[in-house]
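File shown: model-v7.txt (compact mmCIF, C-alpha atoms and all ligand atoms).
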# COMPACT_ATOMS: atom_id res chain seq x y z
CA MET A 66 55.06 127.30 176.71
CA THR A 67 54.09 130.61 178.31
CA HIS A 68 53.06 130.30 181.94
CA PRO A 69 49.30 131.08 182.04
CA PHE A 70 49.91 133.85 184.56
CA GLN A 71 52.99 135.31 182.85
CA PHE A 72 53.00 139.06 182.16
CA SER A 73 53.57 138.75 178.45
CA ALA A 74 52.37 140.41 175.25
CA ASP A 75 50.58 137.15 174.29
CA ASN A 76 48.51 137.15 177.46
CA PHE A 77 47.72 140.87 177.18
CA ALA A 78 46.63 140.57 173.56
CA SER A 79 44.44 137.50 173.90
CA ASN A 80 40.73 137.80 174.55
CA ILE A 81 40.39 134.29 175.87
CA PRO A 82 39.49 134.39 179.57
CA LEU A 83 42.20 132.97 181.78
CA PRO A 84 41.32 129.87 183.75
CA PRO A 85 40.45 130.69 187.35
CA GLY A 86 43.32 129.77 189.62
CA THR A 87 44.13 130.52 193.21
CA GLU A 88 47.28 128.52 193.81
CA SER A 89 49.99 130.66 195.41
CA PRO A 90 53.36 128.91 195.57
CA ARG A 91 54.85 131.87 197.44
CA ASP A 92 56.76 129.70 199.92
CA GLU A 93 58.60 127.81 197.17
CA PHE A 94 59.39 131.10 195.44
CA LEU A 95 60.88 132.56 198.63
CA LYS A 96 62.83 129.35 199.34
CA ALA A 97 64.36 129.52 195.86
CA LEU A 98 65.35 133.17 196.46
CA GLU A 99 66.90 132.31 199.85
CA GLN A 100 69.29 129.93 198.11
CA GLU A 101 70.80 132.97 196.39
CA ASN A 102 72.34 133.89 199.75
CA THR A 103 71.80 137.62 199.52
CA ASP A 104 69.43 139.64 201.63
CA LEU A 105 68.85 142.15 198.83
CA PHE A 106 65.94 140.03 197.62
CA HIS A 107 64.18 140.36 201.01
CA SER A 108 64.03 144.09 200.47
CA SER A 109 62.90 143.71 196.89
CA VAL A 110 60.06 141.35 197.86
CA ALA A 111 58.93 143.71 200.66
CA SER A 112 58.81 146.58 198.14
CA ILE A 113 56.80 144.53 195.63
CA ASP A 114 54.30 143.69 198.38
CA GLY A 115 54.12 147.35 199.40
CA ALA A 116 53.71 148.52 195.80
CA LEU A 117 50.73 146.22 195.25
CA ALA A 118 49.11 147.47 198.47
CA LEU A 119 49.50 151.04 197.20
CA LEU A 120 48.08 150.11 193.81
CA ALA A 121 45.06 148.38 195.36
CA THR A 122 44.27 151.63 197.15
CA GLY A 123 44.74 153.73 194.00
CA ARG A 124 48.16 155.27 194.75
CA LEU A 125 49.42 154.84 191.22
CA GLU A 126 52.64 156.86 190.98
CA GLN A 127 53.78 155.82 194.46
CA SER A 128 53.24 152.20 193.46
CA TYR A 129 55.16 152.79 190.21
CA VAL A 130 58.18 154.26 192.00
CA LEU A 131 58.22 151.53 194.64
CA LEU A 132 58.04 148.80 191.98
CA MET A 133 60.98 150.39 190.17
CA GLN A 134 62.88 150.52 193.46
CA ALA A 135 62.09 146.82 193.98
CA PHE A 136 63.36 146.10 190.47
CA GLU A 137 66.60 148.02 191.05
CA ILE A 138 67.27 146.12 194.30
CA ALA A 139 66.46 142.81 192.59
CA LEU A 140 68.94 143.62 189.78
CA LYS A 141 71.58 144.33 192.43
CA GLY A 142 70.58 141.06 194.11
CA VAL A 143 71.37 139.22 190.87
CA LEU A 144 74.82 140.87 190.70
CA ASP A 145 75.49 140.25 194.40
CA SER A 146 74.56 136.60 194.07
CA ALA A 147 76.59 136.13 190.88
CA THR A 148 79.75 137.80 192.16
CA GLN A 149 79.77 137.24 195.91
CA HIS A 150 78.22 133.92 196.58
CA ARG A 151 78.91 131.69 193.65
CA ASP A 152 80.32 128.28 194.42
CA ALA A 153 79.88 124.83 192.87
CA ALA A 154 76.28 124.58 194.14
CA TRP A 155 75.44 128.04 192.77
CA MET A 156 76.97 127.17 189.37
CA ALA A 157 74.93 123.95 189.28
CA ARG A 158 71.74 125.90 189.99
CA HIS A 159 72.52 128.45 187.25
CA PRO A 160 74.07 126.58 184.33
CA VAL A 161 73.06 129.23 181.78
CA ILE A 162 74.34 132.20 183.80
CA ALA A 163 77.51 130.26 184.71
CA GLN A 164 78.22 129.84 181.01
CA ARG A 165 77.86 133.58 180.45
CA LEU A 166 80.04 134.69 183.36
CA PRO A 167 83.35 134.65 181.44
CA ASP A 168 81.80 136.85 178.72
CA ALA A 169 80.11 139.21 181.13
CA GLU A 170 83.22 141.36 181.39
CA ARG A 171 81.92 144.19 183.45
CA VAL A 172 80.53 141.79 186.02
CA THR A 173 83.60 139.60 186.35
CA ARG A 174 86.47 142.02 185.65
CA GLU A 175 86.85 142.60 189.32
CA LYS A 176 85.32 140.99 192.31
CA GLN A 177 82.67 143.50 193.12
CA THR A 178 82.07 144.36 196.72
CA ARG A 179 78.54 144.61 198.07
CA ASP A 180 79.12 148.35 198.60
CA LYS A 181 80.10 148.88 194.98
CA ILE A 182 77.08 146.94 193.74
CA CYS A 183 74.68 148.92 195.92
CA LYS A 184 76.09 152.25 194.70
CA LYS A 185 75.38 151.45 191.05
CA THR A 186 72.72 153.44 189.25
CA LEU A 187 69.58 151.69 188.05
CA GLY A 188 70.85 151.92 184.46
CA SER A 189 74.25 150.34 185.10
CA ALA A 190 72.75 147.64 187.36
CA PHE A 191 70.36 146.79 184.52
CA ASP A 192 73.18 146.67 181.92
CA GLU A 193 75.28 144.34 184.03
CA ALA A 194 72.42 142.05 185.03
CA HIS A 195 71.39 141.99 181.37
CA GLU A 196 74.73 140.47 180.46
CA LEU A 197 73.92 137.54 182.75
CA LEU A 198 70.16 137.18 182.31
CA ARG A 199 69.82 138.36 178.69
CA PHE A 200 66.48 140.14 178.91
CA SER A 201 64.55 139.75 175.66
CA SER A 202 64.26 142.71 173.32
CA GLU A 203 60.81 144.02 174.27
CA PRO A 204 61.48 144.31 178.02
CA THR A 205 64.85 145.91 177.22
CA ARG A 206 63.15 148.59 175.12
CA ASN A 207 60.51 149.03 177.81
CA PHE A 208 63.16 149.45 180.49
CA GLU A 209 64.35 152.75 178.98
CA ARG A 210 60.79 154.07 178.95
CA VAL A 211 59.95 153.10 182.52
CA ARG A 212 63.27 154.43 183.81
CA LYS A 213 62.48 157.85 182.35
CA VAL A 214 59.00 157.88 183.87
CA ARG A 215 60.37 156.81 187.25
CA ASN A 216 62.93 159.65 187.16
CA ARG A 217 60.28 162.17 186.21
CA ILE A 218 57.96 161.11 189.04
CA MET A 219 60.82 161.10 191.55
CA HIS A 220 62.17 164.52 190.56
CA ALA A 221 59.09 166.36 189.33
CA GLY A 222 56.13 164.46 190.77
CA GLY A 223 53.25 162.70 189.04
CA SER A 224 51.00 164.20 186.42
CA VAL A 225 47.23 163.86 186.16
CA ARG A 226 47.53 163.94 182.36
CA ARG A 227 49.91 161.01 182.28
CA LYS A 228 48.21 158.75 184.81
CA SER A 229 46.73 156.42 182.24
CA LYS A 230 50.07 155.91 180.47
CA CYS A 231 51.72 155.35 183.83
CA ALA A 232 49.08 152.73 184.76
CA SER A 233 49.47 150.94 181.46
CA GLN A 234 53.28 150.87 181.74
CA LEU A 235 53.14 149.57 185.28
CA VAL A 236 51.36 146.40 184.12
CA THR A 237 52.59 145.91 180.58
CA SER A 238 56.22 147.03 180.98
CA ILE A 239 57.39 146.82 184.62
CA LEU A 240 55.76 143.51 185.62
CA PRO A 241 57.17 141.70 182.52
CA LEU A 242 60.65 142.85 183.61
CA PHE A 243 60.18 141.12 186.97
CA ASP A 244 59.01 138.00 185.15
CA GLU A 245 62.18 137.95 183.05
CA LEU A 246 64.42 138.56 186.05
CA PHE A 247 62.92 135.91 188.34
CA THR A 248 62.42 133.35 185.58
CA GLY A 249 66.05 133.83 184.46
CA LEU A 250 67.37 133.59 188.01
CA ILE A 251 65.23 131.00 189.81
CA ASN A 252 62.97 129.74 187.01
CA ARG A 253 59.83 131.11 188.63
CA PRO A 254 57.54 133.87 187.33
CA LEU A 255 56.39 136.81 189.44
CA ALA A 256 52.92 135.23 189.72
CA ASP A 257 54.38 132.57 192.05
CA LEU A 258 55.32 135.36 194.48
CA ILE A 259 52.24 137.59 194.31
CA GLY A 260 49.75 134.73 193.93
CA HIS A 261 47.90 133.54 190.86
CA ARG A 262 44.62 135.16 191.94
CA VAL A 263 46.19 138.62 192.03
CA ALA A 264 48.37 137.99 188.96
CA ARG A 265 45.37 136.93 186.92
CA GLU A 266 43.56 140.21 187.57
CA LEU A 267 46.68 142.26 186.79
CA ILE A 268 46.86 140.45 183.44
CA VAL A 269 43.18 141.32 182.92
CA ALA A 270 44.19 144.96 183.57
CA GLY A 271 46.94 144.63 180.94
CA ARG A 272 44.38 143.25 178.52
CA TRP A 273 42.14 146.23 179.22
CA PHE A 274 44.96 148.64 178.32
CA HIS A 275 45.59 146.64 175.13
CA SER A 276 41.96 146.72 174.01
CA ASP A 277 41.10 149.44 171.50
CA GLU A 278 37.63 150.10 172.83
CA SER A 279 38.66 150.96 176.37
CA ASP A 280 38.45 154.51 177.55
CA HIS A 281 41.97 154.49 178.89
CA ASP A 282 41.57 157.85 180.59
CA ASP A 283 39.62 156.12 183.32
CA TRP A 284 42.56 153.96 184.36
CA GLN A 285 41.03 153.00 187.72
CA ILE A 286 38.55 150.67 185.98
CA ALA A 287 41.45 148.51 184.84
CA PHE A 288 42.46 147.77 188.42
CA ARG A 289 39.04 147.09 190.00
CA PRO A 290 39.22 143.28 189.69
CA PHE A 291 42.86 143.41 190.87
CA ALA A 292 41.87 145.48 193.93
CA ALA A 293 39.08 143.00 194.77
CA ALA A 294 41.56 140.10 194.47
CA TRP A 295 44.18 141.93 196.54
CA PHE A 296 41.74 142.83 199.35
CA TYR A 297 40.37 139.29 199.30
CA GLU A 298 43.88 137.96 199.97
CA ASN A 299 44.81 140.74 202.39
CA PRO A 300 41.72 141.47 204.50
CA THR A 301 42.17 144.40 206.82
CA ASN A 302 41.15 144.36 210.46
CA LEU A 303 38.05 146.30 209.48
CA GLY A 304 36.91 143.62 207.05
CA LEU A 305 36.51 143.89 203.32
CA PRO A 306 35.49 147.33 202.12
CA GLY A 307 32.16 147.52 200.33
CA ARG A 308 30.12 150.43 199.09
CA ILE A 309 26.62 150.51 197.71
CA GLU A 310 26.45 153.03 194.90
CA GLY A 311 23.40 155.20 195.44
CA GLU A 312 22.84 153.97 198.98
CA GLY A 313 25.82 155.95 200.21
CA GLU A 314 26.67 153.66 203.05
CA TYR A 315 29.57 151.42 203.89
CA ASN A 316 29.05 147.92 205.22
CA THR A 317 31.39 145.43 206.70
CA THR A 318 29.22 142.36 207.05
CA SER A 319 28.77 140.17 204.03
CA GLU A 320 25.16 139.28 204.83
CA LYS A 321 24.03 142.87 205.19
CA LEU A 322 25.85 143.80 202.01
CA GLU A 323 24.28 140.91 200.11
CA ASN A 324 20.75 141.93 201.13
CA LEU A 325 21.34 145.54 200.13
CA TRP A 326 22.86 144.55 196.83
CA TYR A 327 20.05 142.18 196.00
CA ARG A 328 17.44 144.85 196.70
CA PHE A 329 19.40 147.42 194.72
CA LEU A 330 19.74 145.13 191.69
CA HIS A 331 16.27 143.62 191.92
CA ASP A 332 14.61 147.01 191.88
CA ARG A 333 16.42 148.02 188.72
CA LEU A 334 16.32 144.91 186.59
CA GLU A 335 13.95 142.23 185.47
CA ASP A 336 14.69 138.88 187.07
CA HIS A 337 15.75 137.14 183.93
CA ARG A 338 18.72 139.43 183.35
CA LEU A 339 20.17 138.82 186.78
CA GLN A 340 22.06 135.56 187.10
CA GLN A 341 23.95 133.94 189.92
CA VAL A 342 27.35 132.55 188.93
CA THR A 343 30.60 131.59 190.63
CA CYS A 344 32.97 134.51 191.25
CA HIS A 345 36.31 134.15 189.46
CA ILE A 346 38.12 135.84 192.30
CA CYS A 347 36.79 134.22 195.47
CA GLY A 348 34.78 131.25 194.20
CA GLU A 349 31.64 132.38 196.09
CA PRO A 350 28.27 133.16 194.46
CA ALA A 351 28.34 136.43 192.48
CA TRP A 352 25.61 138.29 190.61
CA ILE A 353 25.98 139.25 187.00
CA PHE A 354 23.84 141.30 184.64
CA CYS A 355 23.70 139.82 181.18
CA GLU A 356 22.18 140.56 177.82
CA TYR A 357 19.03 138.66 177.04
CA GLU A 358 20.34 137.48 173.70
CA LEU A 359 22.52 134.71 172.39
CA ARG A 360 25.80 135.22 170.59
CA GLY A 361 27.77 132.61 168.65
CA GLY A 362 26.42 129.71 166.62
CA PRO A 363 24.18 126.85 167.74
CA ASP A 364 27.29 124.84 168.70
CA ASP A 365 28.89 127.57 170.82
CA PRO A 366 26.15 129.84 172.18
CA SER A 367 27.18 132.49 174.68
CA ILE A 368 25.70 135.49 176.46
CA PRO A 369 27.74 138.68 177.04
CA VAL A 370 28.19 139.88 180.61
CA SER A 371 27.54 143.57 181.18
CA ALA A 372 28.11 143.99 184.92
CA ILE A 373 29.13 141.91 187.90
CA THR A 374 29.07 142.21 191.65
CA CYS A 375 30.32 139.87 194.32
CA THR A 376 29.40 140.63 197.89
CA HIS A 377 32.01 138.20 199.22
CA CYS A 378 35.18 139.70 197.74
CA GLY A 379 33.78 143.16 196.99
CA LEU A 380 34.27 143.14 193.21
CA THR A 381 31.94 145.60 191.50
CA LEU A 382 31.87 146.38 187.78
CA LYS A 383 28.82 148.39 186.81
CA GLU A 384 27.15 148.54 183.42
CA ASP A 385 29.21 151.63 182.59
CA ASP A 386 32.29 149.42 182.94
CA ARG A 387 30.92 146.63 180.77
CA GLY A 388 34.11 146.38 178.69
CA MET A 389 35.98 145.47 181.85
CA ALA A 390 33.23 143.07 182.98
CA GLU A 391 33.58 141.23 179.66
CA LEU A 392 37.37 141.09 179.96
CA HIS A 393 37.31 139.96 183.57
CA TYR A 394 34.51 137.40 183.39
CA GLY A 395 34.26 136.50 179.71
CA PRO A 396 30.93 135.47 178.19
CA ILE A 397 28.54 133.10 179.94
CA THR A 398 28.36 129.73 178.20
CA PRO A 399 26.22 126.66 178.95
CA GLU A 400 29.25 125.34 180.92
CA THR A 401 29.37 128.40 183.21
CA ASP A 402 28.92 127.43 186.84
CA GLY A 403 25.66 128.84 188.24
CA PRO A 404 22.27 127.59 189.44
CA GLN A 405 20.15 129.28 186.76
CA VAL A 406 22.51 129.27 183.80
CA ALA A 407 21.28 126.00 182.23
CA ASP A 408 17.63 127.17 182.46
CA LEU A 409 18.49 130.48 180.83
CA PHE A 410 20.19 128.81 177.84
CA GLU A 411 17.37 126.31 177.45
CA HIS A 412 14.86 129.16 177.41
CA LEU A 413 16.82 131.34 174.95
CA LEU A 414 17.58 128.43 172.60
CA ALA A 415 13.88 127.50 172.61
CA CYS A 416 12.95 131.12 171.78
CA GLN A 417 15.44 131.04 168.91
CA ASP A 418 13.91 127.84 167.50
CA ASN A 419 10.39 129.31 167.47
ZN ZN B 501 34.02 137.25 194.71
Please render this file's structure as structure tokens.
Amino acid sequence: MTHPFQFSADNFASNIPLPPGTESPRDEFLKALEQENTDLFHSSVASIDGALALLATGRLEQSYVLLMQAFEIALKGVLDSATQHRDAAWMARHPVIAQRLPDAERVTREKQTRDKICKKTLGSAFDEAHELLRFSSEPTRNFERVRKVRNRIMHAGGSVRRKSKCASQLVTSILPLFDELFTGLINRPLADLIGHRVARELIVAGRWFHSDESDHDDWQIAFRPFAAAWFYENPTNLGLPGRIEGEGEYNTTSEKLENLWYRFLHDRLEDHRLQQVTCHICGEPAWIFCEYELRGGPDDPSIPVSAITCTHCGLTLKEDDRGMAELHYGPITPETDGPQVADLFEHLLACQDN
């Protein structure tokens, strides 16, 4: 069964909202990596962390290159672990790889020194690790594409024209490669390292790039929920960033922000279209705008969400970004957690009956 937070084509293609989840088994993930007895993974993990910080602040190409560097070091970590440190305990931990070692000629032909491993190119490190981990066909095809883009950015810089493609590849091609590598090596997906809250919103971004209706040129929209989740987990010393569109001022206190937001929304909308629900990112009360009409049949009524704002984690998706609001939050149903949701459904169902 696919892990619910796995970066996979199934999860990107599905329109079913992911269950909210905030469990972050990072410590167990790191403990499993430590057993591999190579410090190359420390460097890889630090680069993954750095790449996500860059992405949350909108540095797309820099994040792309750093993720590819993290992947290259992780591939070399696999080779280092498989050729330098294997003993009976290592073989017991990796029964599948152990079985493949005799066939993996290039890896076992000679005892590779750490120096030799670290001098390998990204391409040859991938080929050799592939013989042990057996990446599935889609990530293997994707690897060639992302390697070319990485080389172009490194040697010729980024391109405004290609930003959207770069953003899409980052989520739908590079992150699945990490999933395959870590699942094959320590039986843990990338989500266990970066946290399920953050992983969930990156999968939502992947879903946005997969959806036909999205205006993919505006790639930043795809990462707004991710950025809110990342800043929620990594608050800066200055507090969570928040900006009131139209008010032109920045605020750092949640209470002040909440008052401003409420006034801003209340002035623009009739009360009945503004609902308080539970934020999928931080679990605190969030405000959503919704259509005043029911979708679905009498057994499964729902109301589409058109915008959302949470003053606690800073997530903001305006009505212009409604496609993303729908992908991130999903429709409101009678089961949705919120103080006024039951009343709203009762009212709309009664209107429908009359
Ligand atoms: Zn929130």
Which residues, written as number ranges by chain, have at least one atom at most 12 Å from Phe200 (chain A), with only C-alpha atoms counted and residues fewer than 3 positions away on the same chain left out? A: 140, 191-197, 203-208, 241-250
Using all atoms listed in the file, find each residue with an atom at most 8 Å away from ligand ZN 501 (chain B) and format the answer as a count of residues only. 17
Show me, as a list in words, the residues that have an atom within 10 Å of Glu93 (chain A) when counting all atoms listed in the file, minus same-chain residues fewer than 6 positions from it. Glu99, Arg253, Asp257 and Leu258 of chain A
Across A:Ile368, A:Leu382, A:Leu132, A:Ala139, the smallest distance to Ala116 (chain A), with all atoms listed in the file counted, is shown by A:Leu132
Determine, counting all atoms listed in the file, which protein, DNA and RNA residues have an atom within 9 Å of an atom of Asp145 (chain A); residues of the same chain fewer than 3 positions away are not included. Present the result as a VMD selection string. chain A and resid 101 to 103 105 140 to 142 148 to 150 177 to 179 182 to 183
Can you patch up region 215-230 of chain A, filling it in to N, CA and C atoms, and show the result as a PDB file, in the frame of the given file?
ATOM      1  N   ARG A 215      60.004 156.861 185.831  1.00  0.00           N
ATOM      2  CA  ARG A 215      60.370 156.810 187.250  1.00  0.00           C
ATOM      3  C   ARG A 215      61.141 158.069 187.655  1.00  0.00           C
ATOM      4  N   ASN A 216      62.130 158.459 186.830  1.00  0.00           N
ATOM      5  CA  ASN A 216      62.930 159.650 187.160  1.00  0.00           C
ATOM      6  C   ASN A 216      62.062 160.899 187.201  1.00  0.00           C
ATOM      7  N   ARG A 217      61.131 160.976 186.239  1.00  0.00           N
ATOM      8  CA  ARG A 217      60.280 162.170 186.210  1.00  0.00           C
ATOM      9  C   ARG A 217      59.414 162.239 187.465  1.00  0.00           C
ATOM     10  N   ILE A 218      58.815 161.103 187.845  1.00  0.00           N
ATOM     11  CA  ILE A 218      57.960 161.110 189.040  1.00  0.00           C
ATOM     12  C   ILE A 218      58.784 161.455 190.280  1.00  0.00           C
ATOM     13  N   MET A 219      59.996 160.876 190.349  1.00  0.00           N
ATOM     14  CA  MET A 219      60.820 161.100 191.550  1.00  0.00           C
ATOM     15  C   MET A 219      61.291 162.539 191.660  1.00  0.00           C
ATOM     16  N   HIS A 220      61.594 163.164 190.503  1.00  0.00           N
ATOM     17  CA  HIS A 220      62.170 164.520 190.560  1.00  0.00           C
ATOM     18  C   HIS A 220      61.156 165.625 190.330  1.00  0.00           C
ATOM     19  N   ALA A 221      60.051 165.301 189.643  1.00  0.00           N
ATOM     20  CA  ALA A 221      59.090 166.360 189.330  1.00  0.00           C
ATOM     21  C   ALA A 221      57.661 166.007 189.734  1.00  0.00           C
ATOM     22  N   GLY A 222      57.468 164.850 190.331  1.00  0.00           N
ATOM     23  CA  GLY A 222      56.130 164.460 190.770  1.00  0.00           C
ATOM     24  C   GLY A 222      55.301 163.858 189.654  1.00  0.00           C
ATOM     25  N   GLY A 223      54.135 163.326 190.027  1.00  0.00           N
ATOM     26  CA  GLY A 223      53.250 162.700 189.040  1.00  0.00           C
ATOM     27  C   GLY A 223      52.487 163.740 188.248  1.00  0.00           C
ATOM     28  N   SER A 224      51.767 163.275 187.245  1.00  0.00           N
ATOM     29  CA  SER A 224      51.000 164.200 186.420  1.00  0.00           C
ATOM     30  C   SER A 224      49.638 163.579 186.130  1.00  0.00           C
ATOM     31  N   VAL A 225      48.586 164.362 186.370  1.00  0.00           N
ATOM     32  CA  VAL A 225      47.230 163.860 186.160  1.00  0.00           C
ATOM     33  C   VAL A 225      47.055 163.428 184.698  1.00  0.00           C
ATOM     34  N   ARG A 226      47.651 164.205 183.791  1.00  0.00           N
ATOM     35  CA  ARG A 226      47.530 163.940 182.360  1.00  0.00           C
ATOM     36  C   ARG A 226      48.141 162.588 181.973  1.00  0.00           C
ATOM     37  N   ARG A 227      49.169 162.208 182.686  1.00  0.00           N
ATOM     38  CA  ARG A 227      49.910 161.010 182.280  1.00  0.00           C
ATOM     39  C   ARG A 227      49.554 159.774 183.091  1.00  0.00           C
ATOM     40  N   LYS A 228      48.516 159.871 183.908  1.00  0.00           N
ATOM     41  CA  LYS A 228      48.210 158.750 184.810  1.00  0.00           C
ATOM     42  C   LYS A 228      47.903 157.465 184.044  1.00  0.00           C
ATOM     43  N   SER A 229      47.140 157.604 182.964  1.00  0.00           N
ATOM     44  CA  SER A 229      46.730 156.420 182.240  1.00  0.00           C
ATOM     45  C   SER A 229      47.933 155.700 181.622  1.00  0.00           C
ATOM     46  N   LYS A 230      48.865 156.493 181.070  1.00  0.00           N
ATOM     47  CA  LYS A 230      50.070 155.910 180.470  1.00  0.00           C
ATOM     48  C   LYS A 230      50.901 155.213 181.552  1.00  0.00           C
TER      49      LYS A 230
END
